[in-house]
file work_14.csv (CSV, C-alpha atoms)
chain,number,residue,atom,x,y,z
A,20,MET,CA,40.2,23.3,33.0
A,21,ALA,CA,38.7,20.2,34.5
A,22,THR,CA,35.6,18.7,32.7
A,23,SER,CA,32.9,16.5,34.1
A,24,SER,CA,33.4,12.8,33.6
A,25,ILE,CA,29.6,12.4,33.0
A,26,PRO,CA,28.5,13.0,29.4
A,27,SER,CA,26.0,15.9,29.1
A,28,GLN,CA,23.5,13.7,27.3
A,29,VAL,CA,23.5,11.2,30.2
A,30,TRP,CA,23.3,14.1,32.7
A,31,ASP,CA,20.3,15.5,30.9
A,32,LEU,CA,18.6,12.1,30.8
A,33,SER,CA,19.1,11.7,34.5
A,34,GLN,CA,17.6,15.1,35.2
A,35,GLN,CA,14.6,14.3,33.0
A,36,ALA,CA,14.2,10.9,34.6
A,37,GLN,CA,14.2,12.4,38.1
A,38,LYS,CA,11.3,14.6,37.0
A,39,GLY,CA,9.4,11.5,35.9
A,40,ASP,CA,9.9,11.7,32.1
A,41,PRO,CA,8.9,8.2,31.0
A,42,GLU,CA,11.0,8.3,27.8
A,43,ALA,CA,14.1,9.3,29.8
A,44,ILE,CA,13.5,6.6,32.4
A,45,ALA,CA,13.0,4.0,29.6
A,46,THR,CA,16.2,5.1,27.8
A,47,LEU,CA,18.3,4.8,31.0
A,48,LEU,CA,16.8,1.4,31.9
A,49,ASN,CA,17.2,0.0,28.4
A,50,GLN,CA,20.8,1.1,28.3
A,51,GLN,CA,21.4,-1.3,31.2
A,52,MET,CA,18.9,-4.1,30.3
A,53,ASN,CA,19.1,-4.3,26.5
A,54,PRO,CA,22.5,-6.2,26.6
A,55,GLN,CA,20.6,-8.9,28.6
A,56,GLY,CA,18.0,-9.2,25.8
A,57,ILE,CA,15.4,-7.3,27.7
A,58,TRP,CA,13.3,-4.3,26.4
A,59,ILE,CA,11.3,-2.0,28.7
A,60,LYS,CA,8.4,0.4,28.1
A,61,VAL,CA,7.6,3.0,30.8
A,62,GLY,CA,4.3,4.8,31.6
A,63,TRP,CA,2.5,6.4,34.5
A,64,LYS,CA,-0.9,5.7,36.0
A,65,ASP,CA,-2.4,6.8,39.3
A,66,GLY,CA,1.0,8.0,40.6
A,67,CYS,CA,2.6,4.6,40.0
A,68,LEU,CA,5.4,4.0,37.5
A,69,GLY,CA,4.5,1.1,35.2
A,70,LEU,CA,7.2,-0.9,33.5
A,71,LEU,CA,6.4,-3.4,30.7
A,72,VAL,CA,9.3,-5.8,30.5
A,73,GLU,CA,9.7,-7.9,27.4
A,74,ALA,CA,12.2,-10.5,26.2
A,75,ILE,CA,12.3,-13.3,23.5
A,76,SER,CA,11.2,-15.7,26.3
A,77,VAL,CA,9.4,-14.6,29.5
A,78,PRO,CA,12.0,-12.7,31.6
A,79,ASN,CA,12.7,-14.0,35.1
A,80,ALA,CA,10.7,-11.9,37.5
A,81,ASP,CA,13.0,-12.0,40.4
A,82,THR,CA,16.1,-11.3,38.3
A,83,VAL,CA,14.4,-8.3,36.6
A,84,VAL,CA,13.3,-6.8,40.0
A,85,SER,CA,16.8,-7.2,41.5
A,86,ASP,CA,18.4,-5.5,38.4
A,87,ILE,CA,15.9,-2.7,38.0
A,88,TYR,CA,15.3,-1.8,41.6
A,89,PRO,CA,18.8,-0.2,42.3
A,90,ILE,CA,18.7,1.7,39.0
A,91,LEU,CA,15.3,3.3,39.9
A,92,ARG,CA,16.4,3.9,43.5
A,93,ASP,CA,19.5,5.7,42.5
A,94,LEU,CA,17.6,7.9,40.0
A,95,LYS,CA,15.5,9.3,42.9
A,96,ILE,CA,12.5,9.9,40.7
A,97,GLU,CA,10.5,12.6,42.5
A,98,PRO,CA,6.8,11.8,41.8
A,99,VAL,CA,6.9,8.0,42.0
A,100,GLN,CA,4.8,6.3,44.7
A,101,ALA,CA,5.2,2.7,43.6
A,102,VAL,CA,6.7,0.7,40.8
A,103,ARG,CA,4.6,-1.9,39.0
A,104,LEU,CA,6.4,-4.3,36.6
A,105,TYR,CA,4.7,-6.5,34.1
A,106,GLY,CA,6.7,-9.2,32.3
A,107,ARG,CA,5.8,-10.9,29.1
A,108,GLN,CA,7.2,-12.7,26.1
A,109,GLN,CA,7.6,-10.7,22.9
A,110,GLY,CA,4.7,-11.2,20.6
A,111,SER,CA,2.2,-11.8,23.5
A,112,HIS,CA,-0.2,-9.2,24.6
A,113,LEU,CA,-0.9,-10.8,28.0
A,114,PRO,CA,1.5,-10.3,30.9
A,115,ALA,CA,2.9,-13.5,32.4
A,116,TRP,CA,3.7,-12.0,35.8
A,117,ARG,CA,3.4,-8.8,37.8
A,118,ARG,CA,5.6,-7.4,40.6
A,119,GLU,CA,5.1,-4.2,42.7
A,120,PHE,CA,7.4,-2.4,45.1
A,121,GLN,CA,8.0,0.9,46.8
A,122,LEU,CA,11.3,2.5,46.1
A,123,ALA,CA,11.8,3.4,49.7
A,124,ALA,CA,11.4,-0.3,50.8
A,125,THR,CA,12.8,-3.7,49.9
A,126,PRO,CA,11.0,-4.9,46.8
A,127,GLU,CA,8.5,-7.7,47.3
A,128,SER,CA,7.5,-10.4,44.9
A,129,GLY,CA,4.2,-12.2,44.4
A,130,TYR,CA,1.4,-12.7,41.9
A,131,SER,CA,-1.7,-10.5,42.2
A,132,VAL,CA,-4.3,-8.8,40.1
A,133,VAL,CA,-3.0,-7.3,36.8
A,134,SER,CA,-4.4,-4.0,35.4
A,135,LEU,CA,-5.3,-5.8,32.2
A,136,MET,CA,-6.6,-3.1,29.9
A,137,ASP,CA,-3.4,-1.1,30.3
A,138,TRP,CA,-1.6,-3.8,28.4
A,139,LEU,CA,-4.2,-5.7,26.3
A,140,THR,CA,-4.6,-4.5,22.7
A,141,GLN,CA,-7.6,-5.3,20.6
A,142,GLY,CA,-7.6,-8.8,19.2
A,143,SER,CA,-4.5,-9.9,21.2
A,144,ASP,CA,-3.1,-13.4,20.6
A,145,ARG,CA,-3.2,-16.4,22.9
A,146,PRO,CA,-0.2,-16.3,25.3
A,147,SER,CA,2.5,-18.8,24.6
A,148,SER,CA,2.7,-21.8,26.9
A,149,THR,CA,6.2,-20.5,28.0
A,150,SER,CA,4.3,-17.5,29.6
A,151,GLN,CA,2.8,-19.8,32.2
A,152,PRO,CA,4.1,-19.7,35.8
A,153,PRO,CA,6.5,-22.6,36.8
A,154,ALA,CA,4.6,-25.8,37.4
A,155,ALA,CA,6.2,-26.1,40.8
A,156,LEU,CA,4.1,-23.2,42.0
A,157,ARG,CA,0.9,-25.2,41.3
A,158,GLU,CA,-0.9,-22.0,40.4
A,159,SER,CA,-3.3,-21.2,37.5
A,160,ARG,CA,-3.9,-17.8,35.9
A,161,PHE,CA,-7.4,-16.5,35.3
A,162,LEU,CA,-9.0,-13.6,33.5
A,163,GLU,CA,-11.6,-12.0,35.8
A,164,CYS,CA,-14.6,-10.9,33.7
A,165,GLN,CA,-17.4,-8.6,34.5
A,166,LEU,CA,-20.8,-10.0,33.5
A,167,SER,CA,-22.8,-7.2,35.2
A,168,PRO,CA,-22.1,-4.6,38.0
A,169,GLN,CA,-22.8,-7.4,40.5
A,170,ASP,CA,-21.6,-10.6,38.8
A,171,ARG,CA,-18.1,-11.7,37.8
A,172,ILE,CA,-16.6,-14.9,36.6
A,173,LEU,CA,-13.0,-16.3,36.1
A,174,ILE,CA,-11.8,-17.9,32.8
A,175,ALA,CA,-8.6,-19.8,32.6
A,176,LEU,CA,-6.1,-17.7,30.7
A,177,GLU,CA,-4.7,-20.6,28.8
A,178,ASP,CA,-8.2,-21.1,27.1
A,179,ILE,CA,-8.4,-17.5,25.8
A,180,GLN,CA,-7.3,-16.9,22.2
A,181,SER,CA,-7.9,-13.2,22.1
A,182,VAL,CA,-9.7,-10.2,23.7
A,183,PHE,CA,-11.4,-7.5,21.7
A,184,GLN,CA,-14.1,-4.9,21.9
A,185,LEU,CA,-17.3,-4.3,20.0
A,186,THR,CA,-20.9,-2.9,20.3
A,187,LEU,CA,-24.2,-4.6,19.8
A,188,PRO,CA,-25.0,-2.8,16.5
A,189,GLU,CA,-21.8,-4.3,15.0
A,190,ILE,CA,-23.2,-7.8,15.5
A,191,LEU,CA,-25.4,-9.0,12.6
A,192,PRO,CA,-28.4,-10.9,13.9
A,193,VAL,CA,-29.2,-14.3,12.5
A,194,PRO,CA,-32.8,-15.6,12.6
A,195,ASN,CA,-33.9,-18.8,14.4
A,196,MET,CA,-30.9,-18.9,16.7
A,197,PRO,CA,-30.9,-19.8,20.4
A,198,HIS,CA,-31.5,-16.7,22.7
A,199,CYS,CA,-27.8,-16.6,23.7
A,200,VAL,CA,-26.5,-16.5,20.2
A,201,LEU,CA,-26.4,-12.8,19.2
A,202,GLY,CA,-25.3,-13.2,15.6
A,203,VAL,CA,-22.1,-13.0,13.6
A,204,TYR,CA,-19.3,-10.4,13.7
A,205,ASN,CA,-16.6,-9.5,11.3
A,206,TYR,CA,-13.5,-10.5,13.2
A,207,ARG,CA,-10.1,-10.4,11.5
A,208,SER,CA,-11.9,-10.6,8.1
A,209,GLU,CA,-13.8,-13.7,9.1
A,210,MET,CA,-17.3,-14.2,10.4
A,211,LEU,CA,-17.3,-15.1,14.1
A,212,TRP,CA,-20.4,-16.3,16.0
A,213,ILE,CA,-21.0,-14.1,19.1
A,214,VAL,CA,-22.5,-15.6,22.2
A,215,ASP,CA,-24.0,-13.8,25.2
A,216,LEU,CA,-22.1,-15.7,27.9
A,217,SER,CA,-24.3,-14.6,30.8
A,218,ALA,CA,-27.5,-15.7,28.9
A,219,GLN,CA,-25.9,-19.1,28.0
A,220,ILE,CA,-24.8,-20.1,31.5
A,221,GLY,CA,-27.8,-18.5,33.2
A,222,LEU,CA,-26.0,-16.4,35.8
A,223,ILE,CA,-27.7,-13.1,35.0
A,224,ASP,CA,-30.0,-11.4,32.5
A,225,SER,CA,-29.0,-11.1,28.9
A,226,ILE,CA,-26.3,-8.6,27.8
A,227,THR,CA,-28.9,-7.3,25.3
A,228,THR,CA,-30.5,-5.3,28.1
A,229,HIS,CA,-27.4,-3.0,28.1
A,230,PRO,CA,-27.4,0.3,26.0
A,231,GLN,CA,-26.8,-0.5,22.3
A,232,ASP,CA,-23.9,2.0,21.9
A,233,ASN,CA,-22.0,0.9,25.0
A,234,ALA,CA,-18.6,-0.8,24.3
A,235,LEU,CA,-18.6,-4.4,25.3
A,236,THR,CA,-15.7,-6.8,25.6
A,237,ALA,CA,-15.6,-10.2,23.8
A,238,ILE,CA,-13.3,-13.1,24.4
A,239,ALA,CA,-12.5,-15.6,21.6
A,240,LEU,CA,-12.3,-19.2,22.8
A,241,THR,CA,-11.2,-22.1,20.7
A,242,ASP,CA,-12.0,-25.8,21.1
A,243,GLN,CA,-10.6,-28.1,18.4
A,244,ASP,CA,-11.5,-26.4,15.1
A,245,THR,CA,-14.3,-24.2,16.5
A,246,THR,CA,-13.8,-20.6,17.6
A,247,LEU,CA,-16.6,-18.6,19.3
A,248,GLY,CA,-16.7,-15.1,20.7
A,249,PHE,CA,-18.3,-14.6,24.2
A,250,VAL,CA,-19.4,-11.1,25.0
A,251,MET,CA,-19.6,-9.5,28.5
A,252,THR,CA,-19.5,-5.9,29.9
A,253,ASP,CA,-15.8,-5.7,30.7
A,254,VAL,CA,-12.7,-7.5,31.9
A,255,VAL,CA,-11.1,-6.6,35.3
A,256,GLY,CA,-7.7,-8.2,35.3
A,257,ILE,CA,-5.5,-11.3,35.6
A,258,GLN,CA,-5.3,-13.2,38.8
A,259,THR,CA,-3.1,-16.1,39.9
A,260,HIS,CA,-4.4,-18.6,42.4
A,261,PRO,CA,-3.2,-22.0,43.8
A,262,VAL,CA,-5.0,-24.9,42.1
A,263,HIS,CA,-6.0,-26.5,45.4
A,264,THR,CA,-8.1,-23.5,46.4
A,265,LEU,CA,-10.8,-24.3,43.8
A,266,GLU,CA,-14.0,-25.5,45.5
A,267,ILE,CA,-16.9,-27.5,44.1
A,268,ALA,CA,-19.8,-25.3,42.8
A,269,THR,CA,-23.1,-26.3,44.3
A,270,GLN,CA,-26.8,-25.3,43.8
A,271,ALA,CA,-26.7,-23.6,47.2
A,272,LEU,CA,-24.3,-21.0,45.8
A,273,PHE,CA,-25.2,-20.8,42.1
A,274,PRO,CA,-28.3,-21.3,39.8
A,275,GLU,CA,-28.8,-24.9,38.9
A,276,GLN,CA,-28.7,-24.2,35.2
A,277,SER,CA,-25.3,-22.7,35.5
A,278,LEU,CA,-23.6,-25.6,37.3
A,279,PRO,CA,-22.7,-27.7,34.1
A,280,TYR,CA,-20.7,-24.7,32.9
A,281,LEU,CA,-18.7,-24.2,36.1
A,282,SER,CA,-15.6,-26.1,37.1
A,283,GLY,CA,-15.8,-24.7,40.6
A,284,TYR,CA,-15.3,-21.5,42.5
A,285,LEU,CA,-12.7,-19.7,44.5
A,286,GLN,CA,-13.9,-19.5,48.1
A,287,SER,CA,-11.7,-16.6,49.0
A,288,LEU,CA,-13.3,-14.4,46.3
A,289,GLY,CA,-16.6,-16.1,45.9
A,290,LEU,CA,-16.1,-16.1,42.2
A,291,PRO,CA,-17.1,-19.0,39.9
A,292,VAL,CA,-14.6,-20.5,37.3
A,293,LEU,CA,-15.9,-21.2,33.8
A,294,LYS,CA,-15.6,-24.7,32.5
A,295,THR,CA,-14.5,-23.7,29.0
A,296,LYS,CA,-14.9,-27.1,27.3
A,297,ALA,CA,-18.5,-27.4,28.6
A,298,VAL,CA,-19.3,-23.9,27.2
A,299,MET,CA,-17.8,-24.6,23.8
A,300,GLN,CA,-19.4,-28.0,23.5
A,301,ASP,CA,-22.8,-26.9,24.5
A,302,PRO,CA,-25.3,-29.0,22.5
A,303,ILE,CA,-27.2,-25.9,21.3
A,304,PHE,CA,-24.0,-25.0,19.3
A,305,GLN,CA,-23.7,-28.5,17.8
A,306,VAL,CA,-27.3,-28.2,16.4
A,307,HIS,CA,-27.4,-24.5,15.3
A,308,LEU,CA,-23.9,-23.4,14.4
A,309,ARG,CA,-22.7,-26.1,12.1

call {"tool": "encode", "arguments": {"input": "work_14.csv", "output": "C-alpha cells"}}
result
Amino acid sequence: MATSSIPSQVWDLSQQAQKGDPEAIATLLNQQMNPQGIWIKVGWKDGCLGLLVEAISVPNADTVVSDIYPILRDLKIEPVQAVRLYGRQQGSHLPAWRREFQLAATPESGYSVVSLMDWLTQGSDRPSSTSQPPAALRESRFLECQLSPQDRILIALEDIQSVFQLTLPEILPVPNMPHCVLGVYNYRSEMLWIVDLSAQIGLIDSITTHPQDNALTAIALTDQDTTLGFVMTDVVGIQTHPVHTLEIATQALFPEQSLPYLSGYLQSLGLPVLKTKAVMQDPIFQVHLR
C-alpha cells in the first residue's frame, strides 16, 4: 500500500500553521532559517503576523524577506492580514529594522514606525553599533517619546542605554534639588537619579501632575561616566528619517527655554529632536548631582 511522502509530523505542523498557530509557524520557519544562523519568534497582534528575526549580527532585511515570503505564502495561513518583520542582533532588545508586506502582494521594503513596546523588555540594553542602518542611507533612528497627550519628542536611538518602567512612589525624593530632579530610584541594584524631562526642557508642565500610581516610562541616557534616568508618560515607537530633513528649531515654534535642549525638528512630523548632550550636561546637574 502506498504511503505519503510527507511525514505526519510535518503535515500536522502545516495544518496547525494554516490555522495561525504561532508555534507551528515558528517551527516551520526555523527549520528553513536556522541553518542560515537565523532564529525567529512568532506572535499575533491586531490581525497581523509578527516575526522577530534574530541573528548573531543584524540579519539582512531584504534577504530575510525574500527567504520568508515564499514560505509564508505557500503555507496559506488563513487569518493573516499582513506580516510584520522586526530584525535585531542577538542580545539587543531594540529592533534594527522593520519590514511589512501583504501575502497576496509583492513584499515591499522600507523603514517606518516600529511598535516598540511589543519588543522592548524592562531595562533593555543599548543597541550595538552594528544594529545601525547602513551609512549610505544617511538615515538616523529615533525613539518617539510621549511627554503628554499633546506633546512628543524624538531621541536619537544611539544615545539610549535602556528603557524601563516605574511609578512616582518608587522614586525616593531628595531635598533641595532642582524642580526637575524627582529623586533617586533603585535601578539594577544601583541608585539612579530620575529627572522629569518635560520640566527640565520646559516643553510642558511637570510629570508630577500625573496620577501617582500610573506607570511611567524612563529612559537611561549616558554621557561619559554619568547616567541619568529621564521620565515621561510613554514611548510610541522607533522611526527612521533622513538626516537632511532635520530643520532648525526656532522660538516661533518652541518655547525659548527649550531651544538649548533641541538639536532641531522634523518638519514632516512637527516633532522636536532632543539634544542629548545638552540635556546631560545641564549646569544644574553639575552643581547638584555631584

call {"tool": "atom_distance", "arguments": {"input": "work_14.csv", "atom1": "atom CA of Phe273 of chain A", "atom2": "atom CA of Lys294 of chain A"}}
result
14.1 Å

call {"tool": "closest_residue", "arguments": {"input": "work_14.csv", "among": "A:Gln305, A:Asn53, A:Val214, A:Leu68", "to": "Pro41 of chain A", "atoms": "all atoms listed in the file"}}
result
A:Leu68

call {"tool": "atom_distance", "arguments": {"input": "work_14.csv", "atom1": "atom CA of Gly39 of chain A", "atom2": "atom CA of Arg103 of chain A"}}
result
14.6 Å

call {"tool": "closest_residue", "arguments": {"input": "work_14.csv", "among": "A:Asp242, A:Asp86, A:Glu275, A:Glu163", "to": "Pro291 of chain A", "atoms": "all atoms listed in the file"}}
result
A:Glu163

call {"tool": "closest_residue", "arguments": {"input": "work_14.csv", "among": "A:Leu290, A:Ala101, A:Ile303, A:Leu71", "to": "Thr264 of chain A", "atoms": "only C-alpha atoms"}}
result
A:Leu290

call {"tool": "closest_residue", "arguments": {"input": "work_14.csv", "among": "A:Gln300, A:Leu265, A:Leu162, A:Met52", "to": "Ser287 of chain A", "atoms": "all atoms listed in the file"}}
result
A:Leu265

call {"tool": "atom_distance", "arguments": {"input": "work_14.csv", "atom1": "atom CA of Leu70 of chain A", "atom2": "atom CA of Leu94 of chain A"}}
result
15.1 Å

call {"tool": "residues_around", "arguments": {"input": "work_14.csv", "residues": "Pro192 of chain A", "least_positions_apart": "6", "cutoff": "7 Å", "atoms": "only C-alpha atoms", "output": "ChimeraX atom specification"}}
result
/A:201-203

call {"tool": "write_last_selection", "arguments": {"input": "work_14.csv", "atoms": "C-alpha atoms", "output": "PDB file, keeping the file's coordinate frame"}}
result
ATOM      1  CA  LEU A 201     -26.400 -12.800  19.200  1.00  0.00           C
ATOM      2  CA  GLY A 202     -25.300 -13.200  15.600  1.00  0.00           C
ATOM      3  CA  VAL A 203     -22.100 -13.000  13.600  1.00  0.00           C
TER       4      VAL A 203
END

call {"tool": "residues_around", "arguments": {"input": "work_14.csv", "residues": "segment 184-186 of chain A", "least_positions_apart": "6", "cutoff": "6 Å", "atoms": "all atoms listed in the file", "output": "list in words"}}
result
Asp232, Ala234, Leu235, Thr236 and Ala237 of chain A

call {"tool": "write_last_selection", "arguments": {"input": "work_14.csv", "atoms": "C-alpha atoms", "output": "mmCIF file, in the frame of the given file"}}
result
data_model
loop_
_atom_site.group_PDB
_atom_site.id
_atom_site.type_symbol
_atom_site.label_atom_id
_atom_site.label_comp_id
_atom_site.auth_asym_id
_atom_site.auth_seq_id
_atom_site.Cartn_x
_atom_site.Cartn_y
_atom_site.Cartn_z
ATOM 1 C CA ASP A 232 -23.900 2.000 21.900
ATOM 2 C CA ALA A 234 -18.600 -0.800 24.300
ATOM 3 C CA LEU A 235 -18.600 -4.400 25.300
ATOM 4 C CA THR A 236 -15.700 -6.800 25.600
ATOM 5 C CA ALA A 237 -15.600 -10.200 23.800
#

call {"tool": "residues_around", "arguments": {"input": "work_14.csv", "residues": "segment 166-181 of chain A", "least_positions_apart": "2", "cutoff": "7 Å", "atoms": "all atoms listed in the file", "output": "MDAnalysis selection string"}}
result
chainID A and resid 142:145 160:164 183 217 238:241 251:252 290:293

call {"tool": "closest_residue", "arguments": {"input": "work_14.csv", "among": "A:Leu278, A:Leu272, A:Leu285, A:Ile220", "to": "Thr259 of chain A", "atoms": "all atoms listed in the file"}}
result
A:Leu285

call {"tool": "closest_residue", "arguments": {"input": "work_14.csv", "among": "A:Pro302, A:Gly248, A:Pro188, A:Pro197", "to": "Ala218 of chain A", "atoms": "all atoms listed in the file"}}
result
A:Pro197

call {"tool": "residues_near_point", "arguments": {"input": "work_14.csv", "point": "(-17.0, -26.0, 33.1)", "cutoff": "7 Å", "atoms": "all atoms listed in the file", "output": "list in words"}}
result
Pro279, Tyr280, Leu281, Ser282, Leu293, Lys294, Thr295, Lys296, Ala297 and Val298 of chain A

call {"tool": "residues_around", "arguments": {"input": "work_14.csv", "residues": "Asp40 of chain A", "least_positions_apart": "3", "cutoff": "12 Å", "atoms": "all atoms listed in the file", "output": "list in words"}}
result
Asp31, Leu32, Ser33, Gln34, Gln35, Ala36, Gln37, Ala43, Ile44, Ala45, Thr46, Leu47, Val61, Gly62, Trp63, Leu68, Leu94, Ile96, Glu97, Pro98 and Val99 of chain A
